[in-house]
>>> print(open('entry36.txt').read())   # compact mmCIF, C-alpha atoms and all ligand atoms
# COMPACT_ATOMS: atom_id res chain seq x y z
CA MET S 1 99.17 62.82 90.74
CA ASN S 2 97.11 65.92 89.96
CA ILE S 3 98.47 69.46 89.79
CA TRP S 4 96.80 70.49 93.04
CA LYS S 5 98.45 67.65 94.92
CA ASN S 6 101.81 68.54 93.37
CA GLN S 7 101.38 72.13 94.53
CA GLN S 8 100.53 70.97 98.02
CA LEU S 9 103.67 68.83 98.25
CA GLU S 10 105.82 71.60 96.86
CA HIS S 11 104.55 73.88 99.62
CA GLN S 12 105.62 71.47 102.34
CA GLN S 13 109.23 72.59 101.94
CA PRO S 14 109.87 76.10 103.28
CA THR S 15 110.81 78.58 100.62
CA TYR S 16 114.17 79.64 102.13
CA LEU S 17 115.58 76.15 101.47
CA ASN S 18 115.38 76.92 97.75
CA LEU S 19 117.33 80.19 98.02
CA LYS S 20 120.94 79.94 96.82
CA GLU S 21 123.53 80.52 99.56
CA GLU S 22 125.19 83.43 97.71
CA GLU S 23 121.81 85.11 97.21
CA PHE S 24 120.96 84.67 100.89
CA GLN S 25 124.28 86.21 101.93
CA GLU S 26 123.96 89.07 99.48
CA ARG S 27 120.56 89.96 100.91
CA ILE S 28 121.86 89.77 104.48
CA GLU S 29 124.67 92.20 103.57
CA LYS S 30 122.23 94.62 101.94
CA LEU S 31 119.98 94.52 104.98
CA TYR S 32 122.77 95.14 107.51
CA LEU S 33 123.88 98.15 105.47
CA LEU S 34 120.48 99.69 106.12
CA LEU S 35 121.20 99.79 109.86
CA LYS S 36 123.83 102.48 109.25
CA GLU S 37 121.16 104.87 108.05
CA CYS S 38 118.06 103.09 109.20
CA ARG S 39 115.34 102.77 106.59
CA LEU S 40 113.94 99.44 107.68
CA CYS S 41 110.42 100.82 107.95
CA PRO S 42 108.46 103.69 106.37
CA ARG S 43 109.49 106.07 109.19
CA GLU S 44 112.94 106.21 107.48
CA CYS S 45 114.65 107.78 110.51
CA ARG S 46 118.10 107.47 108.89
CA VAL S 47 119.80 107.06 112.27
CA ASN S 48 122.99 105.03 112.51
CA ARG S 49 121.97 102.13 114.71
CA GLN S 50 125.48 100.73 114.51
CA GLU S 51 126.67 103.87 116.33
CA ARG S 52 124.11 103.53 119.13
CA GLU S 53 121.67 106.00 117.62
CA VAL S 54 118.02 105.11 118.01
CA GLY S 55 115.07 106.16 115.90
CA TYR S 56 111.29 106.24 116.34
CA CYS S 57 111.08 102.56 117.28
CA LYS S 58 113.82 102.89 119.95
CA ALA S 59 115.31 99.58 118.81
CA PRO S 60 119.07 99.31 119.32
CA GLU S 61 121.51 97.69 116.91
CA LYS S 62 121.29 94.33 118.66
CA LEU S 63 118.18 92.18 118.68
CA VAL S 64 116.01 92.43 121.77
CA VAL S 65 113.64 89.55 122.37
CA SER S 66 110.85 89.49 124.90
CA SER S 67 109.80 85.84 124.86
CA ILE S 68 110.13 82.60 122.93
CA GLY S 69 107.84 79.59 123.10
CA PRO S 70 104.92 77.64 121.66
CA HIS S 71 101.81 79.82 121.40
CA LEU S 72 98.38 78.20 121.48
CA GLY S 73 96.35 81.39 121.00
CA GLU S 74 97.18 82.10 117.36
CA GLU S 75 95.03 81.12 114.35
CA PRO S 76 94.19 77.36 114.46
CA GLU S 77 96.09 76.74 111.20
CA LEU S 78 99.27 78.04 112.87
CA VAL S 79 98.73 76.37 116.24
CA GLY S 80 97.94 72.80 115.13
CA ASN S 81 98.61 70.27 117.89
CA HIS S 82 101.90 71.61 119.22
CA GLY S 83 101.69 75.37 118.94
CA SER S 84 103.07 78.16 116.83
CA GLY S 85 106.76 78.77 117.61
CA THR S 86 106.45 82.38 118.60
CA ILE S 87 109.31 84.85 119.03
CA PHE S 88 108.22 88.25 120.37
CA PHE S 89 110.60 91.07 119.47
CA SER S 90 110.83 94.13 121.70
CA HIS S 91 110.13 97.70 120.47
CA CYS S 92 107.97 98.58 117.48
CA SER S 93 108.08 100.95 114.54
CA LEU S 94 104.33 101.71 114.57
CA LYS S 95 103.59 102.07 118.30
CA CYS S 96 99.80 102.41 118.47
CA CYS S 97 98.54 104.24 121.54
CA PHE S 98 96.23 101.30 122.38
CA CYS S 99 98.86 98.59 121.88
CA GLN S 100 97.70 95.31 123.39
CA ASN S 101 101.38 94.36 124.04
CA TYR S 102 102.65 97.78 125.11
CA GLU S 103 105.14 96.48 127.71
CA ILE S 104 107.03 94.82 124.88
CA SER S 105 106.49 97.29 122.03
CA HIS S 106 106.54 100.66 123.81
CA LEU S 107 108.48 99.93 126.97
CA GLY S 108 110.93 97.55 125.27
CA TYR S 109 110.89 94.75 127.87
CA GLY S 110 113.17 91.94 126.75
CA ARG S 111 116.75 90.80 126.60
CA GLU S 112 119.50 91.22 124.06
CA MET S 113 120.28 88.22 121.90
CA THR S 114 122.85 87.40 119.21
CA GLU S 115 121.90 86.07 115.79
CA ASP S 116 123.41 82.68 116.77
CA GLU S 117 121.22 82.56 119.89
CA LEU S 118 118.17 83.43 117.83
CA ALA S 119 119.00 80.66 115.34
CA SER S 120 119.35 78.19 118.23
CA SER S 121 115.96 79.31 119.56
CA MET S 122 114.37 78.60 116.17
CA LEU S 123 115.88 75.11 116.21
CA PHE S 124 114.63 74.62 119.77
CA LEU S 125 111.08 75.54 118.73
CA GLN S 126 111.34 73.01 115.91
CA LYS S 127 112.64 70.34 118.30
CA ILE S 128 109.68 70.70 120.66
CA GLY S 129 107.24 70.22 117.78
CA CYS S 130 106.07 73.73 116.85
CA HIS S 131 104.62 73.97 113.36
CA ASN S 132 106.25 77.24 112.30
CA ILE S 133 108.56 80.06 113.42
CA ASN S 134 106.28 83.01 114.14
CA LEU S 135 108.20 86.32 114.17
CA VAL S 136 106.10 88.86 116.06
CA THR S 137 106.88 92.53 115.26
CA PRO S 138 110.03 91.76 113.25
CA THR S 139 110.28 94.87 111.02
CA HIS S 140 112.99 96.77 112.88
CA TYR S 141 115.22 93.68 113.24
CA VAL S 142 114.93 92.21 109.73
CA PRO S 143 118.72 92.09 109.05
CA GLN S 144 119.48 90.17 112.23
CA ILE S 145 116.45 87.89 111.78
CA VAL S 146 117.28 86.97 108.17
CA HIS S 147 120.84 86.26 109.28
CA ALA S 148 119.50 83.98 112.05
CA ILE S 149 117.22 82.15 109.56
CA PHE S 150 120.26 81.57 107.35
CA ILE S 151 122.28 80.14 110.26
CA ALA S 152 119.36 77.95 111.40
CA SER S 153 118.70 76.69 107.86
CA LYS S 154 122.30 75.45 107.69
CA LYS S 155 121.72 73.55 110.92
CA GLY S 156 118.49 71.83 109.85
CA LEU S 157 115.63 74.30 110.23
CA LEU S 158 112.69 73.04 108.16
CA LEU S 159 109.75 75.05 109.48
CA PRO S 160 107.89 77.73 107.54
CA ILE S 161 108.64 81.29 108.65
CA VAL S 162 105.68 83.50 109.61
CA TYR S 163 106.23 87.27 109.29
CA ASN S 164 103.75 88.68 111.79
CA SER S 165 103.80 92.45 111.40
CA SER S 166 101.84 95.68 111.72
CA GLY S 167 101.51 95.92 107.93
CA TYR S 168 103.55 99.15 107.98
CA GLU S 169 106.35 97.93 105.73
CA ARG S 170 108.70 99.24 103.05
CA MET S 171 108.46 97.65 99.61
CA ASP S 172 112.27 97.45 99.22
CA ILE S 173 112.53 95.39 102.38
CA LEU S 174 109.69 93.08 101.37
CA ARG S 175 111.46 92.43 98.05
CA LEU S 176 114.50 91.29 100.03
CA LEU S 177 112.26 88.90 101.97
CA ASP S 178 110.87 87.28 98.83
CA GLY S 179 111.81 83.60 98.90
CA ILE S 180 112.58 83.67 102.64
CA ILE S 181 109.15 84.20 104.18
CA ASP S 182 106.53 81.48 103.70
CA ILE S 183 103.60 83.06 105.49
CA TYR S 184 102.99 86.76 105.83
CA MET S 185 100.62 87.74 108.62
CA PRO S 186 100.17 91.53 108.46
CA ASP S 187 97.62 93.57 110.33
CA ILE S 188 95.52 96.01 108.40
CA LYS S 189 94.70 98.26 111.31
CA TYR S 190 92.96 101.22 109.72
CA GLY S 191 91.11 101.97 106.52
CA GLY S 192 91.51 105.74 106.89
CA SER S 193 94.16 108.32 107.67
CA GLU S 194 92.46 110.23 110.51
CA ALA S 195 92.58 107.33 112.94
CA SER S 196 96.01 106.17 111.83
CA LEU S 197 97.36 109.68 112.49
CA LEU S 198 95.60 110.03 115.82
CA TYR S 199 96.36 106.59 117.26
CA SER S 200 99.59 105.57 115.50
CA ASN S 201 101.12 108.83 114.25
CA ALA S 202 101.10 107.36 110.74
CA PRO S 203 98.74 109.25 108.39
CA ASP S 204 100.04 107.21 105.45
CA TYR S 205 99.31 103.87 107.14
CA PHE S 206 96.49 102.59 104.90
CA ASP S 207 98.22 103.56 101.66
CA ILE S 208 101.43 101.88 102.77
CA ALA S 209 99.69 98.80 104.14
CA LYS S 210 97.69 98.37 100.91
CA GLU S 211 100.86 98.42 98.82
CA ALA S 212 102.71 96.14 101.23
CA VAL S 213 99.90 93.60 101.50
CA SER S 214 99.48 93.54 97.71
CA LEU S 215 103.18 92.69 97.34
CA MET S 216 103.00 90.07 100.07
CA HIS S 217 100.06 88.48 98.28
CA ALA S 218 101.94 88.54 94.97
CA GLN S 219 104.84 86.73 96.66
CA VAL S 220 103.00 84.00 98.56
CA GLY S 221 99.35 83.97 97.38
CA ASP S 222 96.31 82.85 99.31
CA LEU S 223 96.83 80.70 102.38
CA VAL S 224 97.62 77.04 101.62
CA VAL S 225 96.72 74.63 104.41
CA CYS S 226 97.78 70.96 104.39
CA ASP S 227 96.30 68.57 106.97
CA GLY S 228 95.06 71.52 109.01
CA ILE S 229 98.44 73.28 109.14
CA ALA S 230 99.31 76.50 107.29
CA LYS S 231 102.22 76.04 104.89
CA ARG S 232 102.35 79.16 102.78
CA GLY S 233 100.36 82.26 101.95
CA LEU S 234 98.81 85.33 103.47
CA ILE S 235 96.85 85.72 106.70
CA ILE S 236 95.44 89.19 107.36
CA ARG S 237 94.45 90.40 110.80
CA HIS S 238 92.05 93.23 111.48
CA LEU S 239 91.18 94.40 114.99
CA VAL S 240 87.71 95.93 115.19
CA LEU S 241 87.75 99.26 117.07
CA PRO S 242 84.83 101.03 118.84
CA TYR S 243 82.73 103.45 116.75
CA ASP S 244 84.21 101.85 113.61
CA GLU S 245 87.38 103.88 114.12
CA ALA S 246 89.26 101.20 112.13
CA LYS S 247 87.00 101.80 109.08
CA THR S 248 86.43 98.09 108.66
CA SER S 249 84.46 98.34 105.40
CA LYS S 250 87.41 100.05 103.66
CA VAL S 251 89.73 97.31 104.90
CA VAL S 252 87.57 94.33 103.92
CA ASN S 253 86.72 95.79 100.52
CA PHE S 254 90.41 96.23 99.80
CA VAL S 255 91.11 92.67 100.96
CA ALA S 256 88.30 91.29 98.79
CA SER S 257 89.66 93.21 95.81
CA LEU S 258 92.91 91.23 96.13
CA SER S 259 91.21 87.86 96.53
CA LYS S 260 87.82 86.65 97.71
CA ASN S 261 89.66 83.57 98.98
CA MET S 262 91.81 85.65 101.35
CA TYR S 263 92.10 84.48 104.95
CA ILE S 264 91.22 87.39 107.23
CA ASN S 265 91.00 87.10 110.99
CA ILE S 266 88.54 89.75 112.17
CA MET S 267 89.41 90.17 115.82
CA ASP S 268 87.10 91.17 118.66
CA GLN S 269 89.54 91.36 121.56
CA TYR S 270 90.17 95.11 121.63
CA ARG S 271 90.78 96.47 125.13
CA PRO S 272 91.48 100.16 125.88
CA LEU S 273 95.04 99.55 127.10
CA TYR S 274 98.08 101.77 127.52
CA GLN S 275 97.14 105.34 126.43
CA ALA S 276 93.78 104.52 124.84
CA SER S 277 91.78 106.14 127.61
CA ARG S 278 93.09 109.56 126.46
CA PHE S 279 90.95 109.17 123.31
CA PRO S 280 87.17 109.12 123.99
CA LYS S 281 86.23 107.05 120.93
CA ILE S 282 88.52 104.13 121.79
CA ALA S 283 88.21 104.29 125.57
CA ARG S 284 85.96 101.23 125.77
CA LYS S 285 85.70 97.65 124.47
CA ILE S 286 83.66 97.00 121.35
CA SER S 287 80.07 95.85 121.62
CA TYR S 288 78.64 92.57 120.33
CA GLY S 289 76.70 94.56 117.71
CA GLU S 290 79.83 96.34 116.48
CA TYR S 291 81.60 93.04 116.00
CA GLN S 292 78.65 91.49 114.18
CA GLU S 293 78.49 94.51 111.88
CA ALA S 294 82.18 94.07 111.05
CA ILE S 295 81.57 90.41 110.19
CA ASN S 296 78.52 91.27 108.09
CA THR S 297 80.57 93.84 106.21
CA ALA S 298 83.21 91.22 105.39
CA VAL S 299 80.55 88.75 104.23
CA ARG S 300 78.94 91.42 102.04
CA ALA S 301 82.38 92.05 100.50
CA GLY S 302 82.48 88.36 99.52
CA LEU S 303 84.97 87.12 102.12
CA SER S 304 84.50 83.95 104.14
CA ARG S 305 87.87 82.56 105.29
CA GLY S 306 89.35 83.19 108.74
CA PHE S 307 86.32 84.30 110.72
CA TYR S 308 83.11 82.79 111.96
CA TYR S 309 79.80 83.98 110.64
CA LYS S 310 76.98 83.33 113.10
CA LEU S 311 73.53 83.41 111.51
S1 LIG B 401 113.16 100.62 112.09
FE1 LIG B 401 113.17 102.12 113.74
S2 LIG B 401 114.98 103.39 113.43
FE2 LIG B 401 114.60 102.24 111.54
S3 LIG B 401 113.39 103.61 110.25
FE3 LIG B 401 111.93 102.35 111.38
S4 LIG B 401 111.44 103.47 113.27
FE4 LIG B 401 113.29 104.39 112.37
>>> encode(input="entry36.txt", output="structure tokens")
Amino acid sequence: MNIWKNQQLEHQQPTYLNLKEEEFQERIEKLYLLLKECRLCPRECRVNRQEREVGYCKAPEKLVVSSIGPHLGEEPELVGNHGSGTIFFSHCSLKCCFCQNYEISHLGYGREMTEDELASSMLFLQKIGCHNINLVTPTHYVPQIVHAIFIASKKGLLLPIVYNSSGYERMDILRLLDGIIDIYMPDIKYGGSEASLLYSNAPDYFDIAKEAVSLMHAQVGDLVVCDGIAKRGLIIRHLVLPYDEAKTSKVVNFVASLSKNMYINIMDQYRPLYQASRFPKIARKISYGEYQEAINTAVRAGLSRGFYYKL
């Protein structure tokens, strides 16, 4: 058997099954401690979520989940034949003014759930045939989620875990996720600080996302796909904004500098939702020409995976 085939087979087992139990528990303890003086994301609010204080994200101590089920609208390598097992978490630490899921992220729609219930939901998604557990906006609940993965792994969870985040992540937290997450799926929303300040109140977004994505890539590498299904690696998402407010060329050039083989989904579905209409430059959808220019920019940077290039 050749080395490539060996690597493929190795990747069929999710990484958290190789983590020693004591190591898993140690990391869970470290993560829960952070809730006392919350520093789960770069906002570093330092509120005590265990004493009912809430920070920028408005997330309480307990998990709040908006929906759970197979999702057929994700990247084809995640969806396969039976869907991506998606768990949408309520609240968000980035809170963009144009959020396409603002009822969940800004308004916090959802219901409280224990770690045991979340673990059971992961096992349910596995039972109905989903190809992965897709954690959408997980950053502010990482302690509870890692605990739930641990519980589910003891009860037979075998699916790869997808960490589907805004890209606004702390390095210390990502180091604690090493060996637990199989597939990172961060956004890179902006390639400049003006827009990230204006639309997400995060002037440091691109610097932080670049560091975070580099570490994610060092942990899991380029996307590995076996029989059409993603097993391990990095998927980057970039939503094209009107008037190139997202600074797409900065984003794709950074991505290409990490790896020309990087999977990047360049998305065209921007809609001026929630508070977007307050900002003239993002108060409309993007045009066909703007999207094509974004794709051309990615191709010029040497990228080719994750988007369609129409000649
Ligand atoms: S997760 Fe929420 S409370 Fe914690 S630092 Fe981030 S925004 Fe603040």
>>> residues_near_ligand(input="entry36.txt", ligand="ligand LIG 401 (chain B)", cutoff="6 Å", atoms="only C-alpha atoms and all ligand atoms", output="compact mmCIF listing (two decimals) with C-alpha atoms, in the frame of the given file")
# COMPACT_ATOMS: atom_id res chain seq x y z
CA CYS S 38 118.06 103.09 109.20
CA ARG S 39 115.34 102.77 106.59
CA LEU S 40 113.94 99.44 107.68
CA CYS S 41 110.42 100.82 107.95
CA ARG S 43 109.49 106.07 109.19
CA GLU S 44 112.94 106.21 107.48
CA CYS S 45 114.65 107.78 110.51
CA VAL S 54 118.02 105.11 118.01
CA GLY S 55 115.07 106.16 115.90
CA TYR S 56 111.29 106.24 116.34
CA CYS S 57 111.08 102.56 117.28
CA SER S 93 108.08 100.95 114.54
CA HIS S 140 112.99 96.77 112.88
>>> closest_residue(input="entry36.txt", among="S:Tyr141, S:Ala119, S:Leu176, S:Arg278", to="Lys155 in chain S", atoms="all atoms listed in the file")
S:Ala119
>>> closest_residue(input="entry36.txt", among="S:Ser120, S:Asn134, S:Ser277, S:Ser249", to="Phe150 in chain S", atoms="all atoms listed in the file")
S:Ser120
>>> closest_residue(input="entry36.txt", among="S:His147, S:Val255, S:Met171, S:Ala276", to="Val299 in chain S", atoms="all atoms listed in the file")
S:Val255
>>> atom_distance(input="entry36.txt", atom1="CA of Tyr168 in chain S", atom2="CA of Ile266 in chain S")
18.2 Å
>>> residues_around(input="entry36.txt", residues="range 71-82 of chain S", least_positions_apart="3", cutoff="8 Å", atoms="all atoms listed in the file", output="compact mmCIF listing (two decimals) with C-alpha atoms, keeping the file's coordinate frame")
# COMPACT_ATOMS: atom_id res chain seq x y z
CA GLY S 85 106.76 78.77 117.61
CA THR S 86 106.45 82.38 118.60
CA ILE S 128 109.68 70.70 120.66
CA GLY S 129 107.24 70.22 117.78
CA CYS S 130 106.07 73.73 116.85
CA HIS S 131 104.62 73.97 113.36
CA ASN S 132 106.25 77.24 112.30
CA VAL S 225 96.72 74.63 104.41
CA GLY S 228 95.06 71.52 109.01
CA ILE S 229 98.44 73.28 109.14
CA ALA S 230 99.31 76.50 107.29
CA ASN S 265 91.00 87.10 110.99
>>> closest_atom_pairs(input="entry36.txt", of="range 260-286 of chain S", to="range 191-209 of chain S", cutoff="10 Å", atoms="only C-alpha atoms", output="Markdown table")
| residue | atom | partner | partner_atom | distance |
| --- | --- | --- | --- | --- |
| S:Gln275 | CA | S:Tyr199 | CA | 9.3 |
| S:Ala276 | CA | S:Tyr199 | CA | 8.3 |
| S:Phe279 | CA | S:Tyr199 | CA | 8.5 |
| S:Ile282 | CA | S:Tyr199 | CA | 9.4 |
>>> write_last_selection(input="entry36.txt", atoms="C-alpha atoms", output="PDB file, in the frame of the given file")
ATOM      1  CA  GLN S 275      97.140 105.340 126.430  1.00  0.00           C
ATOM      2  CA  ALA S 276      93.780 104.520 124.840  1.00  0.00           C
ATOM      3  CA  PHE S 279      90.950 109.170 123.310  1.00  0.00           C
ATOM      4  CA  ILE S 282      88.520 104.130 121.790  1.00  0.00           C
TER       5      ILE S 282
END
>>> residues_around(input="entry36.txt", residues="Asn261 in chain S", least_positions_apart="3", cutoff="9 Å", atoms="all atoms listed in the file", output="JSON, numbers by chain")
{"S": [222, 223, 256, 258, 302, 303, 304, 305]}
>>> closest_residue(input="entry36.txt", among="S:Val146, S:Met113, S:Met185, S:Leu241", to="Phe89 in chain S", atoms="only C-alpha atoms")
S:Met113
>>> closest_residue(input="entry36.txt", among="S:Ile68, S:Cys226, S:Leu19, S:Val240", to="Arg284 in chain S", atoms="only C-alpha atoms")
S:Val240
>>> residues_around(input="entry36.txt", residues="Ile104 in chain S", least_positions_apart="2", cutoff="7 Å", atoms="all atoms listed in the file", output="MDAnalysis selection string")
chainID S and resid 66 90:91 101:102 106:109
>>> closest_residue(input="entry36.txt", among="S:Met262, S:Ile181, S:Leu125, S:Ala301", to="Ser214 in chain S", atoms="all atoms listed in the file")
S:Met262
>>> atom_distance(input="entry36.txt", atom1="CA of Glu169 in chain S", atom2="CA of Pro138 in chain S")
10.4 Å
>>> atom_distance(input="entry36.txt", atom1="CA of Ile161 in chain S", atom2="CA of Arg175 in chain S")
15.6 Å
>>> residues_near_point(input="entry36.txt", point="(116.3, 94.3, 107.0)", cutoff="6 Å", atoms="all atoms listed in the file", output="short mmCIF file (atom, residue, chain, number, x, y, z; two decimals) with C-alpha atoms, in the coordinates of the input")
data_model
loop_
_atom_site.label_atom_id
_atom_site.label_comp_id
_atom_site.auth_asym_id
_atom_site.auth_seq_id
_atom_site.Cartn_x
_atom_site.Cartn_y
_atom_site.Cartn_z
CA LEU S 31 119.98 94.52 104.98
CA LEU S 40 113.94 99.44 107.68
CA VAL S 142 114.93 92.21 109.73
CA PRO S 143 118.72 92.09 109.05
#
>>> axis_aligned_box(input="entry36.txt", around="range 76-82 of chain S", padding_each_side="4 Å", output="JSON")
{"center_x": 98.0, "center_y": 74.2, "center_z": 115.2, "size_x": 15.7, "size_y": 15.8, "size_z": 16.0}
>>> residues_near_point(input="entry36.txt", point="(102.3, 93.3, 108.0)", cutoff="8 Å", atoms="all atoms listed in the file", output="PyMOL selection string")
chain S and resi 163-169+184-188+209+212-213
>>> decode(input="entry36.txt", residues="range 128-141 of chain S", atoms="N, CA, C and O atoms", output="mmCIF file, in the first residue's frame")
data_model
loop_
_atom_site.group_PDB
_atom_site.id
_atom_site.type_symbol
_atom_site.label_atom_id
_atom_site.label_comp_id
_atom_site.auth_asym_id
_atom_site.auth_seq_id
_atom_site.Cartn_x
_atom_site.Cartn_y
_atom_site.Cartn_z
ATOM 1 N N ILE S 128 -28.613 9.042 11.993
ATOM 2 C CA ILE S 128 -29.415 9.274 10.779
ATOM 3 C C ILE S 128 -28.542 9.406 9.521
ATOM 4 O O ILE S 128 -29.039 9.705 8.445
ATOM 5 N N GLY S 129 -27.240 9.198 9.672
ATOM 6 C CA GLY S 129 -26.383 9.087 8.484
ATOM 7 C C GLY S 129 -25.575 10.312 8.105
ATOM 8 O O GLY S 129 -24.920 10.307 7.056
ATOM 9 N N CYS S 130 -25.623 11.362 8.915
ATOM 10 C CA CYS S 130 -24.837 12.566 8.580
ATOM 11 C C CYS S 130 -23.352 12.204 8.515
ATOM 12 O O CYS S 130 -22.895 11.284 9.181
ATOM 13 N N HIS S 131 -22.615 12.977 7.730
ATOM 14 C CA HIS S 131 -21.205 12.642 7.488
ATOM 15 C C HIS S 131 -20.252 13.326 8.472
ATOM 16 O O HIS S 131 -19.058 13.017 8.465
ATOM 17 N N ASN S 132 -20.739 14.267 9.228
ATOM 18 C CA ASN S 132 -19.868 15.001 10.156
ATOM 19 C C ASN S 132 -20.751 15.720 11.159
ATOM 20 O O ASN S 132 -21.969 15.811 10.989
ATOM 21 N N ILE S 133 -20.120 16.239 12.218
ATOM 22 C CA ILE S 133 -20.810 17.107 13.182
ATOM 23 C C ILE S 133 -20.299 18.512 12.906
ATOM 24 O O ILE S 133 -19.117 18.804 13.087
ATOM 25 N N ASN S 134 -21.198 19.366 12.441
ATOM 26 C CA ASN S 134 -20.840 20.697 11.954
ATOM 27 C C ASN S 134 -21.281 21.740 12.998
ATOM 28 O O ASN S 134 -22.468 22.043 13.130
ATOM 29 N N LEU S 135 -20.304 22.262 13.749
ATOM 30 C CA LEU S 135 -20.591 23.194 14.847
ATOM 31 C C LEU S 135 -20.587 24.614 14.298
ATOM 32 O O LEU S 135 -19.523 25.158 13.979
ATOM 33 N N VAL S 136 -21.758 25.223 14.204
ATOM 34 C CA VAL S 136 -21.846 26.551 13.584
ATOM 35 C C VAL S 136 -21.817 27.638 14.669
ATOM 36 O O VAL S 136 -22.673 27.671 15.542
ATOM 37 N N THR S 137 -20.846 28.526 14.587
ATOM 38 C CA THR S 137 -20.610 29.603 15.561
ATOM 39 C C THR S 137 -20.389 29.008 16.968
ATOM 40 O O THR S 137 -21.156 29.280 17.913
ATOM 41 N N PRO S 138 -19.318 28.244 17.120
ATOM 42 C CA PRO S 138 -19.098 27.546 18.398
ATOM 43 C C PRO S 138 -18.247 28.306 19.418
ATOM 44 O O PRO S 138 -18.206 27.927 20.598
ATOM 45 N N THR S 139 -17.564 29.386 18.996
ATOM 46 C CA THR S 139 -16.474 29.983 19.776
ATOM 47 C C THR S 139 -16.816 30.247 21.247
ATOM 48 O O THR S 139 -16.035 29.944 22.135
ATOM 49 N N HIS S 140 -17.987 30.817 21.483
ATOM 50 C CA HIS S 140 -18.332 31.238 22.843
ATOM 51 C C HIS S 140 -18.864 30.099 23.716
ATOM 52 O O HIS S 140 -19.203 30.318 24.880
ATOM 53 N N TYR S 141 -18.953 28.883 23.135
ATOM 54 C CA TYR S 141 -19.376 27.713 23.923
ATOM 55 C C TYR S 141 -18.348 26.582 23.858
ATOM 56 O O TYR S 141 -18.698 25.418 24.072
#
